[in-house]
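Visitor: For reference, the structure I am asking about is given below.
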Amino acid sequence: LSVFCYANEMVVELNGFRLRQYREVVSKELGSPIKAEKFPDGFEYEIYLLKPDTSLYMIFEYSPHDLQVIWSIQITGRDSKTGFKDLELGMGEAEVRKLLGAPARIEDVGAYGSKWEYDAANYSFEINTKGRLSSIKITDASQELFPGVDAKKLPRFPDVVKVLKSRRNA
């Protein structure tokens, strides 16, 4: 009999919304999206303004596997507390590194700046071209971070009972 432990971090909440929350919760809370589209792969997204001047907005994505639940949440903008690991949109790159450490990967995303990704985590950040935190995104990565158990590797129930009845610690 064996037990597997995973040292992964999966953040499920961002700015008051949760991954796998029903899609209708977003529209009931934030009203109508300013934009909604479907990607060629079947994913859908909706953009909601949090400030009328467009300086703060959220993007919600929905997977084609279940378009009724939130698959990813992104908050983008400036000068806003996020409730996420003491980060504030607009803080400097050095402050982000101090709070979270160095990212595993940094990807150039053109006019948006750079995208920071961390291993064994379901979040990423965008640092704009001025070196400021401009976006936080969490994604439902539960299948990658916490893979399912291979049923073929599980012991048969009679074998488990036999071990338990043996009264041996080994």
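Letters A, B, ... mark the chains of the structure tokens in the order given; residue numbers begin at 1 per chain; ligand numbers begin at 1, in order shown.
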What's around A:Gly31 at 12 Å? Count only C-alpha atoms, leave out sequence neighbours fewer than 4 positions away in its own chain, and write the answer as JSON, numbers by chain.
Guide: {"A": [23, 24, 25, 26, 27, 35, 46, 47, 48, 49, 50]}
Visitor: Considering only C-alpha atoms, return as a ChimeraX atom specification whatever protein or nucleic-acid residues lie within 9 Å of A:Leu100, sequence-local ones (same chain, fewer than 4 positions apart) excluded.
Guide: /A:85,95-96
Visitor: If we count only C-alpha atoms and set the cut-off at 12 Å, which residues sit around A:Lys130, ignoring sequence neighbours fewer than 4 positions away in its own chain? Please answer as an mmCIF file with all heavy atoms, in the first residue's frame.
Guide:
data_model
loop_
_atom_site.group_PDB
_atom_site.id
_atom_site.type_symbol
_atom_site.label_atom_id
_atom_site.label_comp_id
_atom_site.auth_asym_id
_atom_site.auth_seq_id
_atom_site.Cartn_x
_atom_site.Cartn_y
_atom_site.Cartn_z
ATOM 1 N N ARG A 78 -4.288 48.366 -13.282
ATOM 2 C CA ARG A 78 -3.254 49.057 -12.508
ATOM 3 C C ARG A 78 -3.848 49.579 -11.207
ATOM 4 O O ARG A 78 -5.057 49.755 -11.080
ATOM 5 C CB ARG A 78 -2.649 50.191 -13.325
ATOM 6 C CG ARG A 78 -3.629 51.254 -13.748
ATOM 7 C CD ARG A 78 -2.963 52.318 -14.629
ATOM 8 N NE ARG A 78 -3.881 53.395 -14.912
ATOM 9 C CZ ARG A 78 -4.713 53.421 -15.942
ATOM 10 N NH1 ARG A 78 -4.742 52.423 -16.804
ATOM 11 N NH2 ARG A 78 -5.522 54.449 -16.128
ATOM 12 N N GLY A 90 0.319 47.025 -10.475
ATOM 13 C CA GLY A 90 1.102 48.252 -10.557
ATOM 14 C C GLY A 90 2.394 48.199 -9.757
ATOM 15 O O GLY A 90 3.251 49.057 -9.919
ATOM 16 N N MET A 91 2.540 47.181 -8.885
ATOM 17 C CA MET A 91 3.790 47.098 -8.106
ATOM 18 C C MET A 91 4.939 46.701 -9.019
ATOM 19 O O MET A 91 4.740 46.128 -10.091
ATOM 20 C CB MET A 91 3.656 46.132 -6.916
ATOM 21 C CG MET A 91 3.606 44.684 -7.250
ATOM 22 S SD MET A 91 3.549 43.504 -5.845
ATOM 23 C CE MET A 91 3.153 44.408 -4.432
ATOM 24 N N GLY A 92 6.136 47.037 -8.603
ATOM 25 C CA GLY A 92 7.326 46.785 -9.408
ATOM 26 C C GLY A 92 7.714 45.317 -9.472
ATOM 27 O O GLY A 92 7.379 44.515 -8.590
ATOM 28 N N GLU A 93 8.433 45.002 -10.517
ATOM 29 C CA GLU A 93 8.935 43.649 -10.764
ATOM 30 C C GLU A 93 9.738 43.112 -9.574
ATOM 31 O O GLU A 93 9.589 41.955 -9.185
ATOM 32 C CB GLU A 93 9.797 43.704 -12.021
ATOM 33 C CG GLU A 93 10.427 42.425 -12.443
ATOM 34 C CD GLU A 93 11.230 42.602 -13.726
ATOM 35 O OE1 GLU A 93 10.969 43.525 -14.519
ATOM 36 O OE2 GLU A 93 12.133 41.781 -13.921
ATOM 37 N N ALA A 111 3.762 43.587 -26.874
ATOM 38 C CA ALA A 111 3.304 44.865 -26.334
ATOM 39 C C ALA A 111 2.826 44.760 -24.886
ATOM 40 O O ALA A 111 2.753 45.755 -24.177
ATOM 41 C CB ALA A 111 2.178 45.419 -27.199
ATOM 42 N N TYR A 112 2.502 43.536 -24.454
ATOM 43 C CA TYR A 112 2.042 43.338 -23.068
ATOM 44 C C TYR A 112 3.208 43.241 -22.087
ATOM 45 O O TYR A 112 3.012 43.284 -20.888
ATOM 46 C CB TYR A 112 1.171 42.084 -22.956
ATOM 47 C CG TYR A 112 -0.105 42.187 -23.754
ATOM 48 C CD1 TYR A 112 -0.236 41.509 -24.963
ATOM 49 C CD2 TYR A 112 -1.170 42.966 -23.319
ATOM 50 C CE1 TYR A 112 -1.404 41.603 -25.705
ATOM 51 C CE2 TYR A 112 -2.336 43.072 -24.058
ATOM 52 C CZ TYR A 112 -2.445 42.386 -25.252
ATOM 53 O OH TYR A 112 -3.593 42.490 -25.985
ATOM 54 N N GLY A 113 4.417 43.033 -22.574
ATOM 55 C CA GLY A 113 5.593 42.910 -21.710
ATOM 56 C C GLY A 113 6.073 41.477 -21.638
ATOM 57 O O GLY A 113 6.393 40.871 -22.656
ATOM 58 N N SER A 114 6.075 40.906 -20.421
ATOM 59 C CA SER A 114 6.516 39.521 -20.265
ATOM 60 C C SER A 114 5.543 38.757 -19.382
ATOM 61 O O SER A 114 4.882 39.327 -18.508
ATOM 62 C CB SER A 114 7.928 39.453 -19.665
ATOM 63 O OG SER A 114 7.948 40.075 -18.388
ATOM 64 N N GLU A 126 1.685 38.912 -15.689
ATOM 65 C CA GLU A 126 2.253 39.716 -16.757
ATOM 66 C C GLU A 126 2.903 40.936 -16.123
ATOM 67 O O GLU A 126 2.313 41.586 -15.257
ATOM 68 C CB GLU A 126 1.185 40.144 -17.765
ATOM 69 C CG GLU A 126 0.724 39.006 -18.643
ATOM 70 C CD GLU A 126 -0.352 39.406 -19.648
ATOM 71 O OE1 GLU A 126 -0.669 40.608 -19.779
ATOM 72 O OE2 GLU A 126 -0.882 38.495 -20.298
ATOM 73 N N SER A 134 0.971 43.865 -14.200
ATOM 74 C CA SER A 134 -0.221 44.354 -14.888
ATOM 75 C C SER A 134 -1.339 43.320 -14.977
ATOM 76 O O SER A 134 -2.468 43.671 -15.324
ATOM 77 C CB SER A 134 0.142 44.827 -16.306
ATOM 78 O OG SER A 134 0.696 43.755 -17.044
#
Visitor: Taking the chain letters and numbering used in this document, name the residues of stretch 82-138 of chain A that DSSP puts in helix (DSSP H, G or I), as a list in words.
Guide: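 Everything in stretch 82-138 of chain A that counts as helix (DSSP H, G or I) is Glu93, Ala94, Glu95, Val96, Arg97, Lys98, Leu99, Leu100, Gly110, Ala111 and Tyr112 of chain A.
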Visitor: Provide the atom CA of A:Val12 to atom CA of A:Ile59 distance in Å, to one decimal place.
Guide: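 One can read the atom CA of A:Val12 to atom CA of A:Ile59 distance as 15.0 Å.
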Visitor: Counting only C-alpha atoms, which of A:Gly131, A:Arg168, A:Ile136, A:Glu37 gets nearest to A:Leu87?
Guide: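 Residue with the minimum atom-to-atom distance to A:Leu87: A:Ile136.
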Visitor: Please measure the separation of atom CA of A:Ile138 and atom CA of A:Lys81, giving the value in Å to one decimal.
Guide: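 Distance between the two atoms: 16.0 Å.
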Visitor: When you draw a straight line from atom CA of A:Ala36 to atom CA of A:Tyr62, how long is it in Å?
Guide: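 Atom CA of A:Tyr62 lies at a distance of 11.0 Å from atom CA of A:Ala36.
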Visitor: Could you pull out the residues in chain A that DSSP calls strand (DSSP E) from the backbone, as a ChimeraX atom specification?
Guide: /A:13-14,17-18,35-38,44-49,56-62,72-77,80-81,88-89,105-108,114-117,123-127,133-139
